[in-house]
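S.K.: I am attaching a structure below and will ask some questions about it afterwards.
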Amino acid sequence: MTSSTCSNPDTPAPASARPHPANSTISQTAGKLPLAGLLALAMAAFITVLTEAMPAGLLPQMSADLGVSESLIGQLVTLYAIGSMITAIPLTATTQSWRRKPLLMTAIVGFVIVNTITAVSTSYALTLAARFFAGVFAGVVWALIAGYAARMAPSHLQGRAIAVTMAGIPIALSLGIPAATFLGASVGWRLSFGIMSAMTLILIVWTIARVPDFPGQKSDSRLSIAGVFMLPGVRSVLFVTLAFVLAHNILYTYIAPFLARAGMADKVGAILLIFGVSALASIWVTGALIDRRLRTLVLISIVLFGLAAATLGIWGSAPAMVYAGVAAWGLAYGGVPTLFQTASAKNAGDAADLAQAMIVTVWNLAIAGGGIVGGVLLDTVGVASFPWALLALLAPTLAVAWLARRKGFPAAAFL
C-alpha cells in the first residue's frame, strides 16, 4: 500500500485503480462489468480449485489403480500446494514485464497438459510430477486473476469484479468436487481428469475471445519482492490471511473425525453442502457490498467465524447446533478470498500481481499448516480441541484487522 491509497478524497487513486489506457473502452462503459471476461476468470478459478482438490475425493479409486496407499495419493494434494507455495512469488517477480494475457494463457494451457498426463498416467511418480506442475500453474493463475479482474472493471466496481471472479471457488467446493467424486466412482477417476482437460480447452477459447490483454510493468516502475512486502499495510493483510485460512483448514481438513464426535460420521456430504451453499451466499453479499464496506465485511467475517467456532466448541455434540455452526462458518469463509485479494490488490497498486503472489504463498502455507496442526491436535488432545484452537488463532486475527484501519483494511472505501 502506498500513500496514494489513503481514503482521503482529495488524494488521487493509484495507477492500478485508474482506467488503464488499454482498458479505456471497458472502464467507460457506463459503470458496467465486463461479465463475459470476468466469468472466464471465474472458470479459471473453478478449474484451479477443482484440480487441486479432486484427488481427495477419489482416494480409493486412484490408490487401487496406481498401486499405492491412500495416504500417498493424499500427497498429490500436498505436492500441488507446495508447487504453488514455492514458485508463485519468484515466477510472478520474473514475469512482471510479460504481457498479462500470454502469461494467463500459458498457465491455462499448462492445466490441459498436467490434467491430461494425470488422466493417462500409470506411474505414481509421473502423476506426482504432474501434480507439482499443476500447482505451479495454479500459483500463476492466482497471482494474476484478482489484479486482472480489477483492471477489467470500472474503478468503482473493482471489488465486485474480483467477487465475480472468486465465485469460482465456492462453486468448485460445493458443487464441482462432489460431482467429480460421484463421476469418479461411477465411470472412473481418469475420466474425471479428462473432463477437466476438456473444460480447460473450452476455457482457452473463451479467454482468447473475451479476456483483454494488458501490458506488464516497466522495469523502472517495478518494486522488488522485499519492497512490496514492506509496503505499509501489506504485512497486515498477509497475517490476517495466514491466520484466518489456517484456522479454516484445521477444521475443514479434519471435518470427518470432528463430525464423528457428534455421531454424524455419515453426514459429511450434507455438512459440506451446507458449508458450500452458505459460502455462495457469502460471495453474493460480498460482491454487493465490498466496494463500500470492505473493512466491515472483513471484521464481520472474523467475528462470525469466531462465533461459529464457539458454537461448535460448546455444542459440538448436538447435531442441530453443528448444522448452525457450519452454516455460520460458510458465511464467514465464502467472501474472504475476495476480501483479502481485493485488499491486497488495492493496497499494492502497480505491484498488485506480486502482492497477490504473496497471498498465494501464504494461503498454501496455511493449507499445509492446517493439515499439520490439525493432525497434531487430533493425535494428542482430540477433535474437541479444534474449536478452541480456531478461537486462539482468530483472536489475534481480529486484533490485527481492527488495528489496520488506516493501512491494510482502511475504514473508508479505497478510492
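Identifiers in the C-alpha cells: chain A, B, ... in order shown; residue index from 1 per chain; ligand index from 1 in order shown.
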Quick one: residues within 8 Å of Ser317 in chain A, only C-alpha atoms, excluding same-chain residues fewer than 2 positions away - as a PyMOL selection string?
M.R.: chain A and resi 261-263+315+319+322
S.K.: Distance table requested - range 201-314 of chain A against range 30-51 of chain A, cut-off 12 Å, only C-alpha atoms: one row per qualifying residue with the closest atom pair and its distance in Å to one decimal, ordered by chain and rising residue number, as CSV.
M.R.:
```
residue,atom,partner,partner_atom,distance
A:Leu201,CA,A:Ala44,CA,11.0
A:Ile202,CA,A:Ala40,CA,9.8
A:Leu203,CA,A:Ala40,CA,6.7
A:Ile204,CA,A:Ala40,CA,9.0
A:Val205,CA,A:Ala40,CA,9.7
A:Trp206,CA,A:Ala40,CA,6.4
A:Thr207,CA,A:Ala40,CA,6.1
A:Ile208,CA,A:Gly37,CA,9.6
A:Ala209,CA,A:Gly37,CA,8.5
A:Arg210,CA,A:Gly37,CA,5.0
A:Val211,CA,A:Gly37,CA,4.7
A:Pro212,CA,A:Gly37,CA,7.7
A:Asp213,CA,A:Gly37,CA,11.0
A:Gly287,CA,A:Leu33,CA,12.0
```
S.K.: Can I get the selected residues back with N, CA and C atoms, as an mmCIF file, in the first residue's frame?
M.R.:
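Below you can see out.cif, which holds the result:
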```
data_model
loop_
_atom_site.group_PDB
_atom_site.id
_atom_site.type_symbol
_atom_site.label_atom_id
_atom_site.label_comp_id
_atom_site.auth_asym_id
_atom_site.auth_seq_id
_atom_site.Cartn_x
_atom_site.Cartn_y
_atom_site.Cartn_z
ATOM 1 N N LEU A 201 -9.971 -26.720 -22.269
ATOM 2 C CA LEU A 201 -9.920 -26.359 -23.688
ATOM 3 C C LEU A 201 -11.010 -25.346 -24.025
ATOM 4 N N ILE A 202 -12.197 -25.548 -23.459
ATOM 5 C CA ILE A 202 -13.281 -24.573 -23.647
ATOM 6 C C ILE A 202 -12.866 -23.222 -23.079
ATOM 7 N N LEU A 203 -12.231 -23.246 -21.894
ATOM 8 C CA LEU A 203 -11.778 -22.005 -21.263
ATOM 9 C C LEU A 203 -10.748 -21.283 -22.130
ATOM 10 N N ILE A 204 -9.891 -22.023 -22.796
ATOM 11 C CA ILE A 204 -8.891 -21.392 -23.667
ATOM 12 C C ILE A 204 -9.573 -20.573 -24.756
ATOM 13 N N VAL A 205 -10.565 -21.164 -25.416
ATOM 14 C CA VAL A 205 -11.304 -20.454 -26.468
ATOM 15 C C VAL A 205 -12.012 -19.237 -25.891
ATOM 16 N N TRP A 206 -12.643 -19.420 -24.746
ATOM 17 C CA TRP A 206 -13.369 -18.340 -24.083
ATOM 18 C C TRP A 206 -12.424 -17.191 -23.721
ATOM 19 N N THR A 207 -11.272 -17.521 -23.190
ATOM 20 C CA THR A 207 -10.317 -16.492 -22.781
ATOM 21 C C THR A 207 -9.781 -15.731 -23.988
ATOM 22 N N ILE A 208 -9.473 -16.450 -25.056
ATOM 23 C CA ILE A 208 -8.996 -15.794 -26.270
ATOM 24 C C ILE A 208 -10.022 -14.784 -26.782
ATOM 25 N N ALA A 209 -11.303 -15.177 -26.709
ATOM 26 C CA ALA A 209 -12.362 -14.346 -27.289
ATOM 27 C C ALA A 209 -12.757 -13.166 -26.411
ATOM 28 N N ARG A 210 -12.768 -13.329 -25.068
ATOM 29 C CA ARG A 210 -13.419 -12.332 -24.220
ATOM 30 C C ARG A 210 -12.549 -11.682 -23.164
ATOM 31 N N VAL A 211 -11.338 -12.144 -22.950
ATOM 32 C CA VAL A 211 -10.477 -11.543 -21.930
ATOM 33 C C VAL A 211 -9.459 -10.635 -22.612
ATOM 34 N N PRO A 212 -9.406 -9.357 -22.243
ATOM 35 C CA PRO A 212 -8.478 -8.427 -22.890
ATOM 36 C C PRO A 212 -7.047 -8.654 -22.430
ATOM 37 N N ASP A 213 -6.137 -8.052 -23.162
ATOM 38 C CA ASP A 213 -4.718 -8.115 -22.801
ATOM 39 C C ASP A 213 -4.319 -6.813 -22.121
ATOM 40 N N GLY A 287 -19.951 -9.453 -2.930
ATOM 41 C CA GLY A 287 -19.951 -8.745 -4.209
ATOM 42 C C GLY A 287 -20.803 -7.490 -4.188
#
```
S.K.: Using only C-alpha atoms, determine which residues lie at most 9 Å from Ile171 in chain A, disregarding the query and same-chain residues fewer than 2 positions distant; provide the list as a VMD selection string.
M.R.: chain A and resid 46 167 to 169 173 to 177 276 to 277 279 to 280
S.K.: Would you save the residues of that selection, restricted to C-alpha atoms, as an mmCIF file, in the first residue's frame?
M.R.:
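Done, and the output landed in out_0.cif:
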```
data_model
loop_
_atom_site.group_PDB
_atom_site.id
_atom_site.type_symbol
_atom_site.label_atom_id
_atom_site.label_comp_id
_atom_site.auth_asym_id
_atom_site.auth_seq_id
_atom_site.Cartn_x
_atom_site.Cartn_y
_atom_site.Cartn_z
ATOM 1 C CA PHE A 46 -13.109 -23.090 -10.657
ATOM 2 C CA ALA A 167 -17.185 -17.086 -7.212
ATOM 3 C CA GLY A 168 -15.462 -19.996 -8.925
ATOM 4 C CA ILE A 169 -14.008 -21.075 -5.561
ATOM 5 C CA LEU A 173 -16.062 -26.604 -3.367
ATOM 6 C CA SER A 174 -19.837 -27.007 -3.053
ATOM 7 C CA LEU A 175 -20.755 -28.459 -6.451
ATOM 8 C CA GLY A 176 -17.683 -29.340 -8.501
ATOM 9 C CA ILE A 177 -15.897 -31.594 -6.031
ATOM 10 C CA GLY A 276 -20.849 -24.607 0.270
ATOM 11 C CA VAL A 277 -24.310 -23.070 -0.052
ATOM 12 C CA ALA A 279 -20.250 -19.765 1.136
ATOM 13 C CA LEU A 280 -22.080 -18.993 -2.115
#
```
S.K.: Need to verify the contact set: Ala226 in chain A, 12 Å, only C-alpha atoms, exclusion of same-chain residues closer than 4 positions in sequence. Can you return it as a PyMOL selection string?
M.R.: chain A and resi 89-90+93+222+230-231+234-235+351+354-355+358
S.K.: Taking 3 positions as the minimum chain separation for residues in the same chain, which residues sit within 10 Å of Ser236 in chain A when counting only C-alpha atoms? Answer as a PDB file with all heavy atoms, in the first residue's frame.
M.R.:
```pdb
ATOM      1  N   PRO A 232       3.429  -0.317   3.567  1.00  0.00           N
ATOM      2  CA  PRO A 232       2.556  -0.249   4.744  1.00  0.00           C
ATOM      3  C   PRO A 232       1.216  -0.932   4.480  1.00  0.00           C
ATOM      4  O   PRO A 232       0.569  -0.695   3.462  1.00  0.00           O
ATOM      5  CB  PRO A 232       2.369   1.261   4.940  1.00  0.00           C
ATOM      6  CG  PRO A 232       3.570   1.887   4.317  1.00  0.00           C
ATOM      7  CD  PRO A 232       3.894   1.016   3.133  1.00  0.00           C
ATOM      8  N   GLY A 233       0.814  -1.806   5.375  1.00  0.00           N
ATOM      9  CA  GLY A 233      -0.465  -2.489   5.262  1.00  0.00           C
ATOM     10  C   GLY A 233      -0.393  -3.869   4.657  1.00  0.00           C
ATOM     11  O   GLY A 233      -1.234  -4.715   4.949  1.00  0.00           O
ATOM     12  N   PHE A 239      -0.842 -11.334   7.299  1.00  0.00           N
ATOM     13  CA  PHE A 239      -1.040 -12.011   8.592  1.00  0.00           C
ATOM     14  C   PHE A 239      -2.483 -12.448   8.768  1.00  0.00           C
ATOM     15  O   PHE A 239      -2.751 -13.585   9.191  1.00  0.00           O
ATOM     16  CB  PHE A 239      -0.638 -11.101   9.754  1.00  0.00           C
ATOM     17  CG  PHE A 239      -0.921 -11.732  11.099  1.00  0.00           C
ATOM     18  CD1 PHE A 239      -0.013 -12.612  11.663  1.00  0.00           C
ATOM     19  CD2 PHE A 239      -2.112 -11.466  11.771  1.00  0.00           C
ATOM     20  CE1 PHE A 239      -0.291 -13.221  12.891  1.00  0.00           C
ATOM     21  CE2 PHE A 239      -2.393 -12.076  12.985  1.00  0.00           C
ATOM     22  CZ  PHE A 239      -1.475 -12.955  13.545  1.00  0.00           C
ATOM     23  N   VAL A 240      -3.421 -11.558   8.463  1.00  0.00           N
ATOM     24  CA  VAL A 240      -4.835 -11.894   8.600  1.00  0.00           C
ATOM     25  C   VAL A 240      -5.189 -13.075   7.694  1.00  0.00           C
ATOM     26  O   VAL A 240      -5.920 -13.989   8.093  1.00  0.00           O
ATOM     27  CB  VAL A 240      -5.711 -10.665   8.288  1.00  0.00           C
ATOM     28  CG1 VAL A 240      -7.187 -11.049   8.169  1.00  0.00           C
ATOM     29  CG2 VAL A 240      -5.537  -9.614   9.383  1.00  0.00           C
ATOM     30  N   THR A 241      -4.646 -13.067   6.487  1.00  0.00           N
ATOM     31  CA  THR A 241      -4.882 -14.178   5.564  1.00  0.00           C
ATOM     32  C   THR A 241      -4.346 -15.484   6.132  1.00  0.00           C
ATOM     33  O   THR A 241      -5.040 -16.513   6.147  1.00  0.00           O
ATOM     34  CB  THR A 241      -4.225 -13.897   4.204  1.00  0.00           C
ATOM     35  OG1 THR A 241      -4.757 -12.676   3.658  1.00  0.00           O
ATOM     36  CG2 THR A 241      -4.470 -15.037   3.226  1.00  0.00           C
ATOM     37  N   LEU A 242      -3.109 -15.463   6.593  1.00  0.00           N
ATOM     38  CA  LEU A 242      -2.476 -16.672   7.121  1.00  0.00           C
ATOM     39  C   LEU A 242      -3.259 -17.240   8.301  1.00  0.00           C
ATOM     40  O   LEU A 242      -3.580 -18.440   8.322  1.00  0.00           O
ATOM     41  CB  LEU A 242      -1.044 -16.363   7.547  1.00  0.00           C
ATOM     42  CG  LEU A 242      -0.284 -17.510   8.223  1.00  0.00           C
ATOM     43  CD1 LEU A 242      -0.079 -18.665   7.256  1.00  0.00           C
ATOM     44  CD2 LEU A 242       1.065 -17.011   8.759  1.00  0.00           C
ATOM     45  N   SER A 344      -5.395  -6.717  -0.876  1.00  0.00           N
ATOM     46  CA  SER A 344      -4.020  -6.824  -1.352  1.00  0.00           C
ATOM     47  C   SER A 344      -3.819  -6.072  -2.657  1.00  0.00           C
ATOM     48  O   SER A 344      -2.878  -5.284  -2.809  1.00  0.00           O
ATOM     49  CB  SER A 344      -3.667  -8.307  -1.529  1.00  0.00           C
ATOM     50  OG  SER A 344      -2.404  -8.460  -2.120  1.00  0.00           O
ATOM     51  N   THR A 397      -6.110 -12.440  14.870  1.00  0.00           N
ATOM     52  CA  THR A 397      -6.549 -12.060  13.524  1.00  0.00           C
ATOM     53  C   THR A 397      -7.460 -10.842  13.599  1.00  0.00           C
ATOM     54  O   THR A 397      -7.303  -9.872  12.847  1.00  0.00           O
ATOM     55  CB  THR A 397      -7.303 -13.223  12.852  1.00  0.00           C
ATOM     56  OG1 THR A 397      -6.467 -14.368  12.828  1.00  0.00           O
ATOM     57  CG2 THR A 397      -7.707 -12.863  11.433  1.00  0.00           C
ATOM     58  N   VAL A 400      -5.411  -7.649  14.644  1.00  0.00           N
ATOM     59  CA  VAL A 400      -4.618  -7.067  13.553  1.00  0.00           C
ATOM     60  C   VAL A 400      -5.527  -6.366  12.544  1.00  0.00           C
ATOM     61  O   VAL A 400      -5.240  -5.252  12.093  1.00  0.00           O
ATOM     62  CB  VAL A 400      -3.756  -8.144  12.874  1.00  0.00           C
ATOM     63  CG1 VAL A 400      -3.111  -7.590  11.607  1.00  0.00           C
ATOM     64  CG2 VAL A 400      -2.689  -8.651  13.828  1.00  0.00           C
ATOM     65  N   ALA A 401      -6.635  -7.007  12.170  1.00  0.00           N
ATOM     66  CA  ALA A 401      -7.559  -6.395  11.213  1.00  0.00           C
ATOM     67  C   ALA A 401      -8.153  -5.115  11.784  1.00  0.00           C
ATOM     68  O   ALA A 401      -8.318  -4.114  11.064  1.00  0.00           O
ATOM     69  CB  ALA A 401      -8.665  -7.383  10.848  1.00  0.00           C
ATOM     70  N   LEU A 403      -6.815  -3.072  14.014  1.00  0.00           N
ATOM     71  CA  LEU A 403      -5.802  -2.020  14.101  1.00  0.00           C
ATOM     72  C   LEU A 403      -5.373  -1.515  12.729  1.00  0.00           C
ATOM     73  O   LEU A 403      -4.811  -0.415  12.624  1.00  0.00           O
ATOM     74  CB  LEU A 403      -4.584  -2.546  14.866  1.00  0.00           C
ATOM     75  CG  LEU A 403      -4.815  -2.828  16.348  1.00  0.00           C
ATOM     76  CD1 LEU A 403      -3.598  -3.516  16.962  1.00  0.00           C
ATOM     77  CD2 LEU A 403      -5.148  -1.549  17.109  1.00  0.00           C
ATOM     78  N   ALA A 404      -5.640  -2.283  11.670  1.00  0.00           N
ATOM     79  CA  ALA A 404      -5.242  -1.885  10.314  1.00  0.00           C
ATOM     80  C   ALA A 404      -6.288  -0.991   9.681  1.00  0.00           C
ATOM     81  O   ALA A 404      -6.680  -1.169   8.530  1.00  0.00           O
ATOM     82  CB  ALA A 404      -5.001  -3.126   9.458  1.00  0.00           C
ATOM     83  N   LYS A 407      -4.093   1.488   7.115  1.00  0.00           N
ATOM     84  CA  LYS A 407      -3.375   0.746   6.092  1.00  0.00           C
ATOM     85  C   LYS A 407      -3.738  -0.736   6.235  1.00  0.00           C
ATOM     86  O   LYS A 407      -3.739  -1.270   7.331  1.00  0.00           O
ATOM     87  CB  LYS A 407      -1.858   0.907   6.248  1.00  0.00           C
ATOM     88  CG  LYS A 407      -1.365   2.344   6.236  1.00  0.00           C
ATOM     89  CD  LYS A 407      -1.444   2.945   4.848  1.00  0.00           C
ATOM     90  CE  LYS A 407      -0.816   4.345   4.836  1.00  0.00           C
ATOM     91  NZ  LYS A 407      -0.888   4.933   3.488  1.00  0.00           N
ATOM     92  N   GLY A 408      -4.031  -1.365   5.158  1.00  0.00           N
ATOM     93  CA  GLY A 408      -4.411  -2.777   5.204  1.00  0.00           C
ATOM     94  C   GLY A 408      -5.882  -2.941   4.937  1.00  0.00           C
ATOM     95  O   GLY A 408      -6.305  -3.379   3.864  1.00  0.00           O
ATOM     96  N   PHE A 409      -6.703  -2.596   5.937  1.00  0.00           N
ATOM     97  CA  PHE A 409      -8.163  -2.645   5.800  1.00  0.00           C
ATOM     98  C   PHE A 409      -8.711  -1.290   6.251  1.00  0.00           C
ATOM     99  O   PHE A 409      -9.221  -1.162   7.356  1.00  0.00           O
ATOM    100  CB  PHE A 409      -8.752  -3.783   6.647  1.00  0.00           C
ATOM    101  CG  PHE A 409      -8.172  -5.132   6.347  1.00  0.00           C
ATOM    102  CD1 PHE A 409      -7.224  -5.692   7.207  1.00  0.00           C
ATOM    103  CD2 PHE A 409      -8.554  -5.833   5.225  1.00  0.00           C
ATOM    104  CE1 PHE A 409      -6.676  -6.945   6.932  1.00  0.00           C
ATOM    105  CE2 PHE A 409      -8.005  -7.081   4.938  1.00  0.00           C
ATOM    106  CZ  PHE A 409      -7.064  -7.632   5.797  1.00  0.00           C
TER     107      PHE A 409
END
```
S.K.: Just checking: using only C-alpha atoms, which residue out of A:Tyr80, A:Ala163, A:Ile86, A:Gly147 ends up closest to Ala281 in chain A?
M.R.: A:Ala163
S.K.: Just the number, please: distance in Å from CA of Ala150 in chain A to CA of Phe244 in chain A, one decimal.
M.R.: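 That distance, rounded to one decimal, is 23.6 Å.
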